[in-house]
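First the structure, in the form of structure tokens, and then the observations on it.
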Amino acid sequence: MAASVSENHVCSHRHSCALDNFFRKLIQSPHRILSPFLSNGDTAIDLGCGPGFFTLPMAELVGHSGTVIGVDVQPEMLARVKAKLAKMRDRSSLAQVLLHQSSQADLGLDHSIRADFILAYYMVHETPDQHSFFRQVKKLLKPTGRLLIVEPPFPVSRKQFAQTLRYAAQ
């Protein structure tokens with residue numbers, strides 16, 4: 001079993017303002033990061049979606065004919081995404097956004113889902129068993145689907161990230 005770097009600690013919903021703010025958007029522009037991977041009509045999954053920092057831009061990029069699934073272990077995070085969606089005036093150009101609460105050990109998504117793109121941004125180190133996590137992710141990806149893994153430089157070392165990539169490649 002591959003223990004997570006942070007001993008299965010999940011970033012609390014109480015810190016969601018640090019995950020979704022103007023300065024982060026300047027540094028980690030969701031559209032700049034995601035646009036090379038997403039097209040109109042795609043099905044995309046945002047694992048560890050938090051307050052929706054990447055979820056809503058994904059919905060814009062895949063358009064009204066696409067689907068975005070935001071997955072998080074914390075219902076409070078999913079509630080924040082839902083509230084943001086409710087505040088949006090014109091959702092006609094957005095994808096259908098589905099929200100799903102997982103557990104740390106099991107994504108719990110329908111195995112019939114086949115995604116064109118899955119994002120795992122700053123969250124893989126929070127999973128209790130990376131090998132199991134990537135087995136689940138692979139079942140959700142289309143044969144031509146792509147997975148983007150981004151981990152924070154702290155607390156994830158280069159060696160730990162290399163191990164994460166080895167699990168993802170298996």
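Residue numbering restarts at 1 for every chain of the structure tokens, chains are lettered A, B, ... in their displayed order, and ligands are numbered from 1 as they appear.
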
Where does segment 22-125 of chain A meet segment 136-150 of chain A within 9 Å, residue by residue, with the nearest atom pair and distance in Å to one decimal for each, counting only C-alpha atoms, listed by chain and rising number, as CSV?
residue,atom,partner,partner_atom,distance
A:Phe37,CA,A:Arg146,CA,7.6
A:Asp106,CA,A:Gln136,CA,7.9
A:Leu107,CA,A:Gln136,CA,7.2
A:Gly108,CA,A:Gln136,CA,8.9
A:Leu109,CA,A:Leu140,CA,8.3
A:Asp110,CA,A:Leu140,CA,8.5
A:His111,CA,A:Leu140,CA,6.5
A:Ser112,CA,A:Leu140,CA,7.6
A:Ile113,CA,A:Leu140,CA,5.8
A:Arg114,CA,A:Leu140,CA,5.0
A:Ala115,CA,A:Leu141,CA,4.7
A:Asp116,CA,A:Gly145,CA,4.3
A:Phe117,CA,A:Arg146,CA,4.8
A:Ile118,CA,A:Leu147,CA,4.8
A:Leu119,CA,A:Leu148,CA,5.0
A:Ala120,CA,A:Ile149,CA,4.9
A:Tyr121,CA,A:Val150,CA,4.7
A:Tyr122,CA,A:Val150,CA,5.6
A:Met123,CA,A:Val150,CA,8.0
A:Val124,CA,A:Ile149,CA,7.7

Selection to disk with N, CA and C atoms, as a compact mmCIF listing (two decimals), in the first residue's frame:
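Output (result-v3.txt):
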# COMPACT_ATOMS: atom_id res chain seq x y z
N PHE A 37 -6.20 20.44 -23.06
CA PHE A 37 -6.69 19.08 -22.83
C PHE A 37 -8.18 18.90 -23.11
N ASP A 106 -12.34 5.21 -2.07
CA ASP A 106 -13.13 4.78 -3.22
C ASP A 106 -13.77 5.99 -3.90
N LEU A 107 -13.47 6.16 -5.18
CA LEU A 107 -14.08 7.26 -5.92
C LEU A 107 -15.59 7.09 -6.01
N GLY A 108 -16.04 5.84 -6.08
CA GLY A 108 -17.46 5.55 -6.06
C GLY A 108 -18.22 6.03 -7.29
N LEU A 109 -17.53 6.23 -8.39
CA LEU A 109 -18.20 6.66 -9.62
C LEU A 109 -18.68 5.46 -10.42
N ASP A 110 -19.75 5.66 -11.15
CA ASP A 110 -20.31 4.62 -12.00
C ASP A 110 -19.24 4.16 -12.99
N HIS A 111 -19.03 2.87 -13.06
CA HIS A 111 -17.98 2.33 -13.93
C HIS A 111 -18.32 2.44 -15.42
N SER A 112 -19.54 2.87 -15.73
CA SER A 112 -19.88 3.07 -17.15
C SER A 112 -19.40 4.44 -17.65
N ILE A 113 -18.98 5.31 -16.74
CA ILE A 113 -18.46 6.62 -17.13
C ILE A 113 -17.14 6.43 -17.86
N ARG A 114 -17.00 7.10 -18.99
CA ARG A 114 -15.75 7.10 -19.74
C ARG A 114 -15.38 8.54 -20.02
N ALA A 115 -14.31 8.98 -19.40
CA ALA A 115 -13.89 10.38 -19.49
C ALA A 115 -12.84 10.59 -20.56
N ASP A 116 -12.94 11.74 -21.21
CA ASP A 116 -11.91 12.18 -22.15
C ASP A 116 -10.72 12.74 -21.39
N PHE A 117 -11.01 13.28 -20.21
CA PHE A 117 -9.97 13.96 -19.43
C PHE A 117 -10.29 13.86 -17.94
N ILE A 118 -9.26 13.57 -17.16
CA ILE A 118 -9.39 13.56 -15.70
C ILE A 118 -8.28 14.44 -15.13
N LEU A 119 -8.67 15.31 -14.23
CA LEU A 119 -7.73 16.19 -13.55
C LEU A 119 -7.57 15.75 -12.10
N ALA A 120 -6.33 15.59 -11.68
CA ALA A 120 -6.00 15.29 -10.28
C ALA A 120 -4.99 16.35 -9.84
N TYR A 121 -5.50 17.48 -9.41
CA TYR A 121 -4.67 18.65 -9.11
C TYR A 121 -4.51 18.79 -7.60
N TYR A 122 -3.27 18.64 -7.14
CA TYR A 122 -2.93 18.80 -5.72
C TYR A 122 -3.74 17.87 -4.82
N MET A 123 -4.02 16.67 -5.27
CA MET A 123 -4.84 15.80 -4.43
C MET A 123 -4.35 14.36 -4.32
N VAL A 124 -3.52 13.89 -5.23
CA VAL A 124 -3.12 12.48 -5.19
C VAL A 124 -2.41 12.15 -3.88

### Query
When distances are computed from only C-alpha atoms, which of A:Gln74, A:Ser35, A:Ser93, A:Gln130 shows the smallest separation from Cys49 of chain A?
A:Gln74

#### Entry: Near-Leu61 of chain A list (7 Å; only C-alpha atoms; drop same-chain fewer than 4 positions) as a ChimeraX atom specification
/A:35,38-40,57

## Note on the structure
Shortest contact to Ala44 of chain A, candidates A:Val71, A:Ile27, A:Ala168, A:Met58, atoms counted only C-alpha atoms, goes to A:Met58

### Message
I need the residues of chain A that end up classed as helix (DSSP H, G or I) by DSSP on the backbone, written out as an MDAnalysis selection string.
### Response
chainID A and resid 13:19 22:27 30:34 55:62 75:87 124:126 130:140 158:169

9 Å contact set for Phe161 of chain A, only C-alpha atoms, chain neighbours under 6 positions out, as a short mmCIF file (atom, residue, chain, number, x, y, z; two decimals) with N, CA and C atoms, in the first residue's frame:
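out.cif, written as the output of this step:
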data_model
loop_
_atom_site.label_atom_id
_atom_site.label_comp_id
_atom_site.auth_asym_id
_atom_site.auth_seq_id
_atom_site.Cartn_x
_atom_site.Cartn_y
_atom_site.Cartn_z
N HIS A 125 -1.62 13.08 -3.38
CA HIS A 125 -0.90 12.83 -2.12
C HIS A 125 -1.84 12.66 -0.93
N GLU A 151 1.01 17.96 -8.52
CA GLU A 151 1.16 17.88 -7.06
C GLU A 151 1.94 19.11 -6.58
N PRO A 153 4.76 21.27 -4.72
CA PRO A 153 6.17 20.97 -4.42
C PRO A 153 6.42 20.72 -2.93
#

### Query
With only C-alpha atoms as the atoms that count, which of A:Ser157, A:Thr164, A:Gln28, A:Gln96 lies nearest to Thr127 of chain A?
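Nearest to Thr127 of chain A: A:Thr164.
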
#### Entry: Atomic distance atom CA of Pro51 of chain A - atom CA of Phe23 of chain A, expressed in Å with one decimal
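Atom CA of Phe23 of chain A lies 15.3 Å from atom CA of Pro51 of chain A.
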
### Message
Please compute the atom CA of Leu85 of chain A-atom CA of His9 of chain A distance, one decimal, in Å.
### Response
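Result for atom CA of Leu85 of chain A versus atom CA of His9 of chain A: 27.4 Å, one decimal.
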
Contacts of segment 89-118 of chain A with segment 67-70 of chain A up to 6 Å, shortest pair per row, only C-alpha atoms, as a Markdown table:
| residue | atom | partner | partner_atom | distance |
| --- | --- | --- | --- | --- |
| A:Ala95 | CA | A:Thr67 | CA | 5.1 |
| A:Gln96 | CA | A:Thr67 | CA | 4.8 |
| A:Val97 | CA | A:Val68 | CA | 4.8 |
| A:Leu98 | CA | A:Ile69 | CA | 4.7 |
| A:Leu99 | CA | A:Gly70 | CA | 4.8 |

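If you look at atom CA of Thr55 of chain A and atom CA of Ser92 of chain A, they are 15.9 Å away from each other.
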
### Task
Identify which of the residues A:Asp42, A:Leu47, A:Leu34, A:Ser102 lies closest to Ser65 of chain A, counting only C-alpha atoms when measuring atom-to-atom distances.
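Result for the nearest residue to Ser65 of chain A: A:Asp42.
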
### Query
From the list A:Lys25, A:Val81, A:His100, A:Pro30, which residue is nearest Ile45 of chain A when using only C-alpha atoms?
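Nearest to Ile45 of chain A: A:His100.
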